[in-house]
$ cat my_file_25.pdb   # PDB, C-alpha atoms
ATOM      1  CA  MET A   1       7.083   7.825  29.107
ATOM      2  CA  ILE A   2       3.430   8.857  28.934
ATOM      3  CA  GLY A   3       1.818   9.617  32.283
ATOM      4  CA  PRO A   4      -1.471   7.992  33.301
ATOM      5  CA  SER A   5      -3.564  11.029  32.323
ATOM      6  CA  ARG A   6      -1.863  11.634  28.992
ATOM      7  CA  ARG A   7      -2.644   8.073  27.956
ATOM      8  CA  TRP A   8      -6.349   9.002  27.874
ATOM      9  CA  ARG A   9      -5.929  12.051  25.632
ATOM     10  CA  PRO A  10      -6.077  10.268  22.251
ATOM     11  CA  VAL A  11      -9.050   8.245  23.493
ATOM     12  CA  PHE A  12     -10.833  11.447  24.521
ATOM     13  CA  TRP A  13     -10.178  13.148  21.158
ATOM     14  CA  CYS A  14     -11.310  10.129  19.131
ATOM     15  CA  TYR A  15     -14.472   9.878  21.204
ATOM     16  CA  ALA A  16     -15.115  13.648  21.096
ATOM     17  CA  GLY A  17     -14.761  13.615  17.310
ATOM     18  CA  LEU A  18     -17.144  10.691  17.001
ATOM     19  CA  VAL A  19     -19.689  12.464  19.229
ATOM     20  CA  LEU A  20     -19.394  15.653  17.186
ATOM     21  CA  VAL A  21     -19.997  13.803  13.912
ATOM     22  CA  LEU A  22     -22.885  11.692  15.187
ATOM     23  CA  THR A  23     -24.687  14.509  17.007
ATOM     24  CA  HIS A  24     -24.509  16.658  13.869
ATOM     25  CA  TRP A  25     -25.329  13.992  11.292
ATOM     26  CA  PRO A  26     -28.382  15.383   9.448
ATOM     27  CA  GLY A  27     -31.543  13.399  10.029
ATOM     28  CA  LEU A  28     -29.958  10.719  12.221
ATOM     29  CA  ALA A  29     -32.692   9.053  14.266
ATOM     30  CA  ILE A  30     -32.432   6.094  16.601
ATOM     31  CA  GLU A  31     -35.571   4.128  17.280
ATOM     32  CA  ILE A  32     -35.936   1.246  19.723
ATOM     33  CA  PRO A  33     -39.516  -0.062  19.865
ATOM     34  CA  GLU A  34     -39.348  -1.021  23.552
ATOM     35  CA  ILE A  35     -38.172   2.429  24.682
ATOM     36  CA  GLN A  36     -40.323   5.489  24.031
ATOM     37  CA  ARG A  37     -37.444   8.032  23.972
ATOM     38  CA  PRO A  38     -34.196   6.064  23.538
ATOM     39  CA  ASP A  39     -32.423   9.265  22.508
ATOM     40  CA  LEU A  40     -32.583  10.582  26.084
ATOM     41  CA  VAL A  41     -30.828   7.481  27.414
ATOM     42  CA  ILE A  42     -28.238   7.806  24.649
ATOM     43  CA  HIS A  43     -27.703  11.508  25.442
ATOM     44  CA  GLY A  44     -26.949  10.623  29.063
ATOM     45  CA  ALA A  45     -24.592   7.787  28.178
ATOM     46  CA  VAL A  46     -22.745   9.796  25.533
ATOM     47  CA  PHE A  47     -22.135  12.833  27.739
ATOM     48  CA  GLY A  48     -21.346  10.709  30.779
ATOM     49  CA  THR A  49     -18.599   9.017  28.788
ATOM     50  CA  TRP A  50     -17.446  12.366  27.326
ATOM     51  CA  THR A  51     -17.147  13.837  30.827
ATOM     52  CA  THR A  52     -15.324  10.808  32.215
ATOM     53  CA  LEU A  53     -12.818  10.732  29.364
ATOM     54  CA  LEU A  54     -12.189  14.480  29.656
ATOM     55  CA  GLY A  55     -11.500  14.055  33.376
ATOM     56  CA  LEU A  56      -9.209  11.089  32.773
ATOM     57  CA  SER A  57      -7.275  13.037  30.131
ATOM     58  CA  GLY A  58      -5.868  15.424  32.728
ATOM     59  CA  TYR A  59      -6.383  18.477  30.515
ATOM     60  CA  LEU A  60      -8.134  20.371  33.297
ATOM     61  CA  GLY A  61      -5.963  19.294  36.202
ATOM     62  CA  ARG A  62      -4.935  16.288  38.215
ATOM     63  CA  ARG A  63      -7.591  13.652  38.777
ATOM     64  CA  GLY A  64      -8.829  13.624  42.346
ATOM     65  CA  ASN A  65      -8.608  17.380  42.693
ATOM     66  CA  TRP A  66     -11.965  19.082  43.379
ATOM     67  CA  SER A  67     -11.121  22.088  41.216
ATOM     68  CA  SER A  68     -10.288  19.731  38.351
ATOM     69  CA  LEU A  69     -13.599  17.908  38.788
ATOM     70  CA  LEU A  70     -15.526  21.199  38.804
ATOM     71  CA  ALA A  71     -13.649  22.428  35.723
ATOM     72  CA  THR A  72     -14.395  19.145  33.966
ATOM     73  CA  CYS A  73     -18.110  19.399  34.795
ATOM     74  CA  GLY A  74     -18.221  23.041  33.713
ATOM     75  CA  THR A  75     -16.476  22.312  30.429
ATOM     76  CA  ALA A  76     -18.713  19.301  29.750
ATOM     77  CA  THR A  77     -21.813  21.373  30.522
ATOM     78  CA  LEU A  78     -20.716  24.148  28.152
ATOM     79  CA  TYR A  79     -19.914  21.650  25.423
ATOM     80  CA  ALA A  80     -23.250  19.859  25.925
ATOM     81  CA  ALA A  81     -25.079  23.179  25.530
ATOM     82  CA  LEU A  82     -23.051  24.156  22.456
ATOM     83  CA  ASP A  83     -23.525  20.720  20.906
ATOM     84  CA  GLU A  84     -27.287  20.831  21.433
ATOM     85  CA  TRP A  85     -27.610  24.412  20.173
ATOM     86  CA  THR A  86     -25.574  23.870  16.983
ATOM     87  CA  GLN A  87     -27.659  20.874  15.919
ATOM     88  CA  GLN A  88     -30.345  23.233  14.659
ATOM     89  CA  PHE A  89     -28.019  24.347  11.871
ATOM     90  CA  VAL A  90     -27.786  20.836  10.383
ATOM     91  CA  ARG A  91     -31.523  20.060  10.423
ATOM     92  CA  ARG A  92     -31.399  18.244  13.741
ATOM     93  CA  HIS A  93     -33.834  18.585  16.625
ATOM     94  CA  THR A  94     -32.722  20.923  19.423
ATOM     95  CA  ALA A  95     -34.635  20.550  22.685
ATOM     96  CA  LEU A  96     -34.429  21.317  26.375
ATOM     97  CA  ASP A  97     -35.119  17.703  27.378
ATOM     98  CA  ASP A  98     -32.146  16.579  25.279
ATOM     99  CA  PHE A  99     -29.918  19.125  27.033
ATOM    100  CA  LEU A 100     -31.217  18.015  30.448
ATOM    101  CA  ALA A 101     -30.390  14.412  29.530
ATOM    102  CA  ASN A 102     -26.894  15.645  28.588
ATOM    103  CA  LEU A 103     -26.589  17.198  32.054
ATOM    104  CA  VAL A 104     -27.620  13.938  33.705
ATOM    105  CA  GLY A 105     -24.811  12.306  31.737
ATOM    106  CA  VAL A 106     -22.342  14.985  32.881
ATOM    107  CA  ALA A 107     -23.354  14.322  36.502
ATOM    108  CA  LEU A 108     -22.967  10.558  36.031
ATOM    109  CA  GLY A 109     -19.548  11.116  34.451
ATOM    110  CA  ALA A 110     -18.514  13.236  37.447
ATOM    111  CA  ILE A 111     -19.647  10.475  39.809
ATOM    112  CA  ALA A 112     -17.653   7.933  37.775
ATOM    113  CA  LEU A 113     -14.531  10.127  38.016
ATOM    114  CA  TRP A 114     -15.006  10.512  41.767
ATOM    115  CA  LEU A 115     -15.409   6.733  42.214
ATOM    116  CA  LEU A 116     -12.335   6.051  40.065
ATOM    117  CA  THR A 117     -10.360   8.497  42.221
ATOM    118  CA  ILE A 118     -11.458   6.757  45.427
ATOM    119  CA  ARG A 119     -10.562   3.371  43.953
ATOM    120  CA  ALA A 120      -7.123   4.589  42.873
ATOM    121  CA  ALA A 121      -6.452   6.081  46.316
ATOM    122  CA  ARG A 122      -7.364   2.807  48.035
ATOM    123  CA  SER A 123      -5.139   0.750  45.748
ATOM    124  CA  ARG A 124      -2.013   2.833  46.467
ATOM    125  CA  PRO A 125       0.298   1.404  49.082
ATOM    126  CA  PRO A 126       0.555   3.467  52.273
ATOM    127  CA  PRO A 127       3.584   5.760  52.518
ATOM    128  CA  LEU A 128       6.586   4.468  54.406
ATOM    129  CA  PRO A 129       7.086   5.982  57.861
ATOM    130  CA  PRO A 130      10.067   8.354  58.234
ATOM    131  CA  GLN A 131      13.174   6.833  59.783
TER     132      GLN A 131
END
$ encode --input "my_file_25.pdb" --output "structure tokens"
Amino acid sequence: MIGPSRRWRPVFWCYAGLVLVLTHWPGLAIEIPEIQRPDLVIHGAVFGTWTTLLGLSGYLGRRGNWSSLLATCGTATLYAALDEWTQQFVRRHTALDDFLANLVGVALGAIALWLLTIRAARSRPPPLPPQ
């Protein structure tokens, strides 16, 4: 039987692969007339989801553990930096504001993981008293 964390691993890898392809697609530009810099919103959403899925996967420890949450945030931050830096090699724009938007997404993903942990803890039945 697959544990709750392991269930998220294929989802994480599919999403991570999709992010890698789309963030390195040469010349990809997203324009929304109503939003001046829609790419910054997208950066935050993409890396927030990436962080959340990594945390849910259980690769870096049990969900609800502070060291696991810190490891997840550190890994997501390193990947966000690497992703942004390597875009320059495929004729994509590399910029500090994009990386900062990635970091906002990492922080939002960490908050989502924390809230999911609180929700899971509240939904568990209380332990039975010893007899």
$ resolve_selection --input "my_file_25.pdb" --expression "the PyMOL selection byres ((chain A and resi 101) around 8)" --output "PyMOL selection string"
chain A and resi 40-41+43-44+97-100+102-105
$ atom_distance --input "my_file_25.pdb" --atom1 "atom CA of A:Asn65" --atom2 "atom CA of A:Leu113"
10.5 Å
$ resolve_selection --input "my_file_25.pdb" --expression "the PyMOL selection byres ((chain A and resi 58-62) around 7)" --output "list in words"
Ser5, Arg6, Gly55, Leu56, Ser57, Arg63, Gly64, Asn65, Ser68, Ala71 and Thr72 of chain A
$ resolve_selection --input "my_file_25.pdb" --expression "the PyMOL selection byres ((chain A and resi 93) around 12)" --output "mmCIF file with C-alpha atoms, in the frame of the given file"
data_model
loop_
_atom_site.group_PDB
_atom_site.id
_atom_site.type_symbol
_atom_site.label_atom_id
_atom_site.label_comp_id
_atom_site.auth_asym_id
_atom_site.auth_seq_id
_atom_site.Cartn_x
_atom_site.Cartn_y
_atom_site.Cartn_z
ATOM 1 C CA THR A 23 -24.687 14.509 17.007
ATOM 2 C CA HIS A 24 -24.509 16.658 13.869
ATOM 3 C CA TRP A 25 -25.329 13.992 11.292
ATOM 4 C CA PRO A 26 -28.382 15.383 9.448
ATOM 5 C CA GLY A 27 -31.543 13.399 10.029
ATOM 6 C CA LEU A 28 -29.958 10.719 12.221
ATOM 7 C CA ALA A 29 -32.692 9.053 14.266
ATOM 8 C CA ASP A 39 -32.423 9.265 22.508
ATOM 9 C CA ASP A 83 -23.525 20.720 20.906
ATOM 10 C CA GLU A 84 -27.287 20.831 21.433
ATOM 11 C CA TRP A 85 -27.610 24.412 20.173
ATOM 12 C CA THR A 86 -25.574 23.870 16.983
ATOM 13 C CA GLN A 87 -27.659 20.874 15.919
ATOM 14 C CA GLN A 88 -30.345 23.233 14.659
ATOM 15 C CA PHE A 89 -28.019 24.347 11.871
ATOM 16 C CA VAL A 90 -27.786 20.836 10.383
ATOM 17 C CA ARG A 91 -31.523 20.060 10.423
ATOM 18 C CA ARG A 92 -31.399 18.244 13.741
ATOM 19 C CA THR A 94 -32.722 20.923 19.423
ATOM 20 C CA ALA A 95 -34.635 20.550 22.685
ATOM 21 C CA LEU A 96 -34.429 21.317 26.375
ATOM 22 C CA ASP A 97 -35.119 17.703 27.378
ATOM 23 C CA ASP A 98 -32.146 16.579 25.279
ATOM 24 C CA PHE A 99 -29.918 19.125 27.033
#
$ closest_residue --input "my_file_25.pdb" --among "A:Gln131, A:Thr77, A:Ser123, A:Gln36" --to "A:Val106" --atoms "all atoms listed in the file"
A:Thr77
$ atom_distance --input "my_file_25.pdb" --atom1 "atom CA of A:Thr51" --atom2 "atom CA of A:Ala110"
6.8 Å
$ atom_distance --input "my_file_25.pdb" --atom1 "atom CA of A:Leu18" --atom2 "atom CA of A:Val46"
10.2 Å
